[in-house]
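What follows is a single structure, written as structure tokens, with notes after it.
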Amino acid sequence: MHLVFNKSNLLQSINIVLKAVPSRTTMPILECILIDASNVIKFTSNDTELAIETIVEGEIISGGIVAIDAKIFSEIIRKLPDSEITITTDENFKTTITCEKATFSIAGKSGEDFSYLPSFEKKQFIYLSQFSLKELIRQTIFSIADNDTNKLMTGELFEVKENILTVTALDGHRIAIRKTELKDSFEHIKVIVPGKTLNEISKILTGGTDSDVRVFFETNLIAFEFENTIVVSRLIEGEYFKVEQMISSNFDTIVNINKKEFLDCIDRSTLLVKEGDKKPIIINITENELELKISSFLGSMNEQLEINKNGKDLMIGFNPKFLMDALKVIDEEKVDIYFVNPKAPCVMKNSEETYIYLILPVNFNAAY
């Protein structure tokens with residue numbers, strides 16, 4: 001095999017497939033990137049849960065297939081000069097990487113034992129812009145659980161009904177729901193996509209509004225195809241939570257508040273909370289004023305914000321991070337917050353319900 005690359009193109013492709021290289025595995029072949037230069041140059045990685053294949057821009061002088069240790073390969077390429085890079089292999093898979101006056105020789109492996117992308121039929125699918133998918137992930141991913149106590153909570157529900165895609169995430173303390181209108185109507189689809197997969201896809205997507213992502217659905221698999229890259233992931237099996245039943249439709253207090261002022265105020269309050277502390281922020285809602293209070297061994301803070309309010313006065317406590325996470329991904333200047341009572345979740349949503357964020361309150365000392 002004899003290939004020639006521009007460094008920036010080569011490094012960009014390596015960075016894409018690195019996202020599916022396992023950090024620890026009992027199968028050494030999976031620690032490799034597969035280079036397949038048959039008709040076009042393809043790089044593939046696979047950790048058995050997530051697989052990525054990307055087409056690389058480069059010149060094939062002679063074709064071949066080799067598996068190269070991903071960590072060593074990426075570090076070598078990263079530290080080479082910004083110049084033309086040549087990669088050659090011999091019959092024993094010894095791989096030589098040359099750039100200007102630098103030459104590296106590393107041991108490669110046969111690609112025969114490598115796990116290629118799972119095969120899937122391109123029958124059931126949707127498509128949307130890279131921007132829309134990247135935004136949907138950004139606006140919900142913070143609400144998934146970061147441990148495997150409940151596997152369903154480590155993924156996001158993707159549900160398609162006609163021309164509406166709804167993405168839902170929850171971790172037991174909060175729920176994030178985002179809806180977007182698709183360009184066409186599609187069959188009804190309901191799957192749970194691993195959060196890890198969505199995180200990695202979000203990092204690869206350029207976020208362009210003119211470039212589409214095609215999302216294919218198979219039994220136990222989902223595939224994302226965009227530009228020169230395909231990402232295939234296993235789905236999480238099981239019945240997702242009945243989220244609609246968790247969101248109240250009867251509220252005793254509704255507050256309309258400037259989003260940036262509210263977010264900045266909460267952010268200031270966290271200056272008095274060390275990482276790991278579970279100090280709640282207390283929200284006291286009166287006629288036209290919302291007062292925020294927080295107290296820790298470092299000190300205390302209170303601040304008043306103007307609001308428009310309908311309904312009863314209320315005092316309620318929250319984890320400040322949960323409020324901030326939701327507010328950061330709401331783009332509107334003003335936000336409506338709905339409350340039932342001090343023990344029930346609050347809900348942030350717009351009138352069209354294209355976004356809904358539910359946050360459970362926390363207990364606090366009544367003498368706070």
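The chains in the structure tokens are called A, B, ... from first to last as shown; in each chain the residues are counted from 1, and the ligands are counted from 1 in the order shown.
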Closest-contact table, stretch 291-362 of chain A side, partner stretch 166-185 of chain A, 7 Å, counting only C-alpha atoms, as a tab-separated table:
residue	atom	partner	partner_atom	distance
A:Thr354	CA	A:Lys179	CA	4.8
A:Tyr355	CA	A:Arg178	CA	4.6
A:Ile356	CA	A:Ile177	CA	5.0
A:Tyr357	CA	A:Ala176	CA	4.7
A:Leu358	CA	A:Ile175	CA	4.9
A:Ile359	CA	A:Arg174	CA	4.4
A:Leu360	CA	A:His173	CA	5.5
Resulting file, chosen residues, N, CA, C and O atoms, as a PDB file, in the first residue's frame:
ATOM      1  N   THR A 354     -42.234  23.864  21.749  1.00  0.00           N
ATOM      2  CA  THR A 354     -41.086  23.317  21.018  1.00  0.00           C
ATOM      3  C   THR A 354     -39.957  22.983  21.980  1.00  0.00           C
ATOM      4  O   THR A 354     -39.039  22.259  21.630  1.00  0.00           O
ATOM      5  N   TYR A 355     -40.001  23.560  23.180  1.00  0.00           N
ATOM      6  CA  TYR A 355     -39.106  23.119  24.252  1.00  0.00           C
ATOM      7  C   TYR A 355     -39.886  23.022  25.545  1.00  0.00           C
ATOM      8  O   TYR A 355     -40.802  23.810  25.811  1.00  0.00           O
ATOM      9  N   ILE A 356     -39.547  22.019  26.342  1.00  0.00           N
ATOM     10  CA  ILE A 356     -40.098  21.845  27.691  1.00  0.00           C
ATOM     11  C   ILE A 356     -38.954  21.372  28.586  1.00  0.00           C
ATOM     12  O   ILE A 356     -38.280  20.387  28.260  1.00  0.00           O
ATOM     13  N   TYR A 357     -38.731  22.075  29.670  1.00  0.00           N
ATOM     14  CA  TYR A 357     -37.730  21.656  30.664  1.00  0.00           C
ATOM     15  C   TYR A 357     -38.420  21.539  32.016  1.00  0.00           C
ATOM     16  O   TYR A 357     -39.030  22.503  32.488  1.00  0.00           O
ATOM     17  N   LEU A 358     -38.348  20.359  32.602  1.00  0.00           N
ATOM     18  CA  LEU A 358     -38.938  20.107  33.910  1.00  0.00           C
ATOM     19  C   LEU A 358     -37.805  19.892  34.918  1.00  0.00           C
ATOM     20  O   LEU A 358     -36.854  19.158  34.629  1.00  0.00           O
ATOM     21  N   ILE A 359     -37.900  20.541  36.086  1.00  0.00           N
ATOM     22  CA  ILE A 359     -36.851  20.435  37.102  1.00  0.00           C
ATOM     23  C   ILE A 359     -37.499  20.177  38.455  1.00  0.00           C
ATOM     24  O   ILE A 359     -38.391  20.927  38.880  1.00  0.00           O
ATOM     25  N   LEU A 360     -37.034  19.125  39.128  1.00  0.00           N
ATOM     26  CA  LEU A 360     -37.552  18.811  40.461  1.00  0.00           C
ATOM     27  C   LEU A 360     -36.989  19.790  41.475  1.00  0.00           C
ATOM     28  O   LEU A 360     -35.806  20.153  41.415  1.00  0.00           O
TER      29      LEU A 360
END
DSSP strand (DSSP E) selection over stretch 27-98 of chain A, as a ChimeraX atom specification: /A:32-37,41-46,50-56,59-62,64-69,84-89,94-98
Spatial neighbours of A:Phe297, max dist 10 Å, only C-alpha atoms, sep filter under 6 positions, as a list in words: Leu272, Val273 and Lys274 of chain A
DSSP helix (DSSP H, G or I) residues within stretch 86-333 of chain A, listed as number ranges by chain: A: 111-113, 130-138, 141-143, 151-154, 195-204, 243-246, 259-272, 320-328
Distance query stretch 198-215 of chain A at most 10 Å, only C-alpha atoms, self and fewer than 3 positions along chain excluded, as a VMD selection string: chain A and resid 12 to 13 15 to 20 50 52 122 124 to 138 141 155 to 156 193 to 195 222 to 227 229 to 233
Point-to-point distance in Å for atom CA of A:Asn319 and atom CA of A:Ser143: 13.3 Å
Neighbour list for A:Ile72 as a ChimeraX atom specification, cut-off 12 Å, only C-alpha atoms, skip fewer than 5 positions in-chain: /A:14,18,31-33,67,77-79,95,97,104-108
